[in-house]
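Participant: data.csv is reproduced below (CSV, C-alpha atoms).
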chain,number,residue,atom,x,y,z
A,1,MET,CA,-75.8,59.0,-67.8
A,2,ALA,CA,-75.0,61.5,-65.2
A,3,PRO,CA,-72.1,63.8,-65.8
A,4,ASP,CA,-68.8,63.1,-64.0
A,5,GLU,CA,-68.4,64.8,-60.7
A,6,THR,CA,-64.9,65.9,-59.8
A,7,PHE,CA,-63.6,66.7,-56.3
A,8,GLU,CA,-60.2,68.2,-56.1
A,9,GLY,CA,-57.9,69.2,-53.3
A,10,VAL,CA,-54.3,70.2,-53.1
A,11,HIS,CA,-53.0,66.7,-52.7
A,12,CYS,CA,-55.8,64.5,-54.1
A,13,LYS,CA,-58.5,64.2,-56.7
A,14,LEU,CA,-61.6,62.0,-56.8
A,15,VAL,CA,-63.7,61.6,-59.9
A,16,LEU,CA,-67.2,60.0,-59.6
A,17,ARG,CA,-68.5,58.5,-62.8
A,18,ARG,CA,-71.7,56.7,-63.5
A,19,PRO,CA,-71.1,54.8,-66.8
A,20,CYS,CA,-74.5,52.9,-66.6
A,21,PRO,CA,-77.4,52.4,-64.2
A,22,GLY,CA,-76.3,50.5,-61.1
A,23,VAL,CA,-72.6,51.2,-61.5
A,24,VAL,CA,-70.5,54.0,-59.9
A,25,VAL,CA,-66.8,54.4,-60.6
A,26,LEU,CA,-64.6,56.3,-58.2
A,27,GLN,CA,-61.2,57.2,-59.6
A,28,LEU,CA,-58.8,58.3,-56.9
A,29,SER,CA,-55.4,59.9,-57.3
A,30,GLY,CA,-52.8,61.4,-54.9
A,31,ILE,CA,-52.8,61.3,-51.1
A,32,ASP,CA,-56.2,61.6,-49.5
A,33,SER,CA,-55.9,63.2,-46.1
A,34,GLY,CA,-59.5,64.3,-45.8
A,35,GLU,CA,-59.2,67.6,-47.7
A,36,LEU,CA,-62.2,66.8,-49.8
A,37,GLY,CA,-64.5,66.8,-46.8
A,38,ARG,CA,-68.0,65.2,-47.0
A,39,ALA,CA,-68.7,66.2,-50.7
A,40,PRO,CA,-67.8,62.8,-52.2
A,41,PHE,CA,-69.9,61.0,-49.6
A,42,GLU,CA,-72.9,63.2,-50.3
A,43,ALA,CA,-72.5,62.7,-54.1
A,44,LEU,CA,-72.3,58.9,-53.7
A,45,GLN,CA,-75.3,58.9,-51.3
A,46,ARG,CA,-77.4,60.6,-54.0
A,47,HIS,CA,-76.6,57.7,-56.4
A,48,LEU,CA,-77.4,55.2,-53.7
A,49,ALA,CA,-80.7,56.8,-53.1
A,50,THR,CA,-81.9,55.9,-56.6
A,51,ALA,CA,-80.9,52.2,-56.8
A,52,ALA,CA,-78.6,49.6,-55.4
A,53,VAL,CA,-75.1,49.9,-57.0
A,54,ASP,CA,-71.8,48.2,-57.6
A,55,ILE,CA,-69.0,50.6,-56.7
A,56,PHE,CA,-65.7,50.3,-58.6
A,57,ILE,CA,-62.8,52.1,-56.9
A,58,ASP,CA,-59.9,52.7,-59.1
A,59,ALA,CA,-57.0,53.7,-56.8
A,60,ARG,CA,-54.2,52.8,-59.1
A,61,HIS,CA,-53.0,56.5,-59.0
A,62,ALA,CA,-53.6,56.9,-55.3
A,63,ARG,CA,-50.6,56.8,-53.1
A,64,SER,CA,-52.3,56.6,-49.7
A,65,ALA,CA,-55.3,57.6,-47.6
A,66,SER,CA,-55.2,58.7,-44.0
A,67,VAL,CA,-56.5,56.4,-41.3
A,68,GLU,CA,-59.3,58.9,-40.7
A,69,VAL,CA,-60.3,58.8,-44.4
A,70,SER,CA,-60.3,55.0,-44.4
A,71,ASN,CA,-62.5,55.1,-41.3
A,72,ASP,CA,-64.9,57.5,-43.0
A,73,TRP,CA,-65.3,55.3,-46.0
A,74,ALA,CA,-65.7,52.2,-43.8
A,75,SER,CA,-68.4,54.0,-41.8
A,76,PHE,CA,-70.2,55.2,-45.0
A,77,PHE,CA,-70.2,51.7,-46.6
A,78,ARG,CA,-71.4,50.1,-43.4
A,79,ALA,CA,-74.2,52.6,-43.0
A,80,HIS,CA,-75.3,52.1,-46.7
A,81,ARG,CA,-74.4,48.4,-47.2
A,82,GLN,CA,-78.1,47.5,-48.0
A,83,ARG,CA,-77.8,49.7,-51.1
A,84,ILE,CA,-74.4,48.4,-52.1
A,85,ARG,CA,-74.4,45.2,-54.3
A,86,GLY,CA,-70.6,45.1,-54.3
A,87,VAL,CA,-67.4,47.1,-54.0
A,88,LEU,CA,-64.5,46.2,-56.3
A,89,MET,CA,-61.3,48.1,-55.5
A,90,LEU,CA,-58.0,48.2,-57.5
A,91,THR,CA,-55.1,48.9,-55.2
A,92,THR,CA,-51.4,49.3,-56.3
A,93,THR,CA,-49.7,49.8,-52.9
A,94,ARG,CA,-49.4,47.6,-49.9
A,95,PHE,CA,-50.8,50.4,-47.6
A,96,LEU,CA,-53.9,50.9,-49.8
A,97,ARG,CA,-54.5,47.1,-49.8
A,98,MET,CA,-54.3,47.0,-46.0
A,99,SER,CA,-56.6,50.0,-45.8
A,100,ALA,CA,-59.1,48.3,-48.2
A,101,GLU,CA,-59.1,45.1,-46.1
A,102,MET,CA,-59.8,47.2,-43.0
A,103,VAL,CA,-62.7,48.9,-44.7
A,104,ARG,CA,-64.1,45.6,-45.9
A,105,ASN,CA,-64.0,44.2,-42.4
A,106,TYR,CA,-65.5,47.2,-40.6
A,107,ALA,CA,-68.1,47.8,-43.2
A,108,MET,CA,-69.2,44.1,-42.9
A,109,LEU,CA,-69.1,43.8,-46.7
A,110,ASP,CA,-67.3,40.4,-46.5
A,111,GLU,CA,-67.6,38.7,-49.9
A,112,ARG,CA,-69.3,41.7,-51.4
A,113,MET,CA,-65.9,43.6,-51.5
A,114,GLU,CA,-63.2,42.4,-53.8
A,115,ILE,CA,-59.7,43.8,-53.8
A,116,PHE,CA,-57.6,43.6,-57.0
A,117,THR,CA,-53.9,44.3,-57.5
A,118,HIS,CA,-53.9,43.8,-61.3
A,119,PRO,CA,-55.6,46.5,-63.5
A,120,ALA,CA,-56.5,44.1,-66.3
A,121,GLU,CA,-58.7,42.0,-64.0
A,122,PHE,CA,-60.3,45.0,-62.5
A,123,GLU,CA,-61.0,46.5,-65.9
A,124,ARG,CA,-62.4,43.2,-67.2
A,125,ARG,CA,-64.9,43.0,-64.3
A,126,LEU,CA,-65.9,46.7,-64.8
A,127,GLY,CA,-66.4,46.1,-68.5
A,128,GLU,CA,-68.5,43.0,-67.9
A,129,ARG,CA,-70.7,44.9,-65.4
A,130,VAL,CA,-71.2,47.9,-67.8
A,131,LEU,CA,-72.1,45.7,-70.7
A,132,ALA,CA,-74.5,43.5,-68.6
Can you dump the structure from the file as structure tokens?
Facilitator:
Amino acid sequence: MAPDETFEGVHCKLVLRRPCPGVVVLQLSGIDSGELGRAPFEALQRHLATAAVDIFIDARHARSASVEVSNDWASFFRAHRQRIRGVLMLTTTRFLRMSAEMVRNYAMLDERMEIFTHPAEFERRLGERVLA
């Protein structure tokens, strides 16, 4: 598979992994205030160009994201929703859960975006998808 891509700022880090065809995992940590710029979106767009994907977002180590960053992700997902089979996001804070719900609504992903609060269920779903 493709090598991991790491985007690191002073306050946050995003690692993009592609464990198998059709699956992209984004691992977020820290506070995302937009310091990573467009690079993560451009990398993800390259993966979407080759096939429809399920996007797993592991935000268990993320503390928050700015409203602007949430808006950027919502706009990106909305613009590319035809190439997105599903978005499954693990959140561990109330703020991130509310942000994820806003992203789901604006991006018009509806039932294609699931939000998890328990790591075990998120990891089970990821494992099932990778082994499929």
Participant: Mind checking which residues fall within 9 Å of Leu96 (chain A), counting only C-alpha atoms, ignoring those fewer than 2 positions away in the same chain, and posting them as a PyMOL selection string?
Facilitator: chain A and resi 59+62-65+91-94+98-101
Participant: Go ahead and compute the interatomic distance for CA of Arg112 (chain A) and CA of Arg78 (chain A), in Å to one decimal.
Facilitator: 11.8 Å
Participant: Point out the residue among A:Leu90, A:Leu28, A:Ile57, A:Leu16 with the least atom-to-atom distance to Glu42 (chain A), counting all atoms listed in the file.
Facilitator: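 Of all the options, A:Leu16 lies closest to Glu42 (chain A).
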Participant: With all atoms listed in the file as the atoms that count, which of A:Ala49, A:Ala79, A:Met89, A:Ile115 lies nearest to Val25 (chain A)?
Facilitator: A:Met89
Participant: Padding 6 Å on each side, edges along x, y and z: where is the centre of the box around the listed atoms of region 60-77 of chain A, and how long are its edges in Å to one decimal? Output it as lines of an AutoDock Vina configuration file.
Facilitator:
center_x = -60.4
center_y = 55.3
center_z = -49.9
size_x = 31.6
size_y = 19.2
size_z = 30.4
Participant: Using all atoms listed in the file, which residue out of A:Glu8, A:Glu123, A:Asp58, A:Asp72 lies closest to Phe41 (chain A)?
Facilitator: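 Among A:Glu8, A:Glu123, A:Asp58, A:Asp72, it is A:Asp72 that comes nearest to Phe41 (chain A).
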Participant: Just to confirm, what's the straight-line distance from CA of Glu35 (chain A) to CA of Leu48 (chain A) in Å (one decimal)?
Facilitator: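 Computing it gives 22.8 Å between the two atoms.
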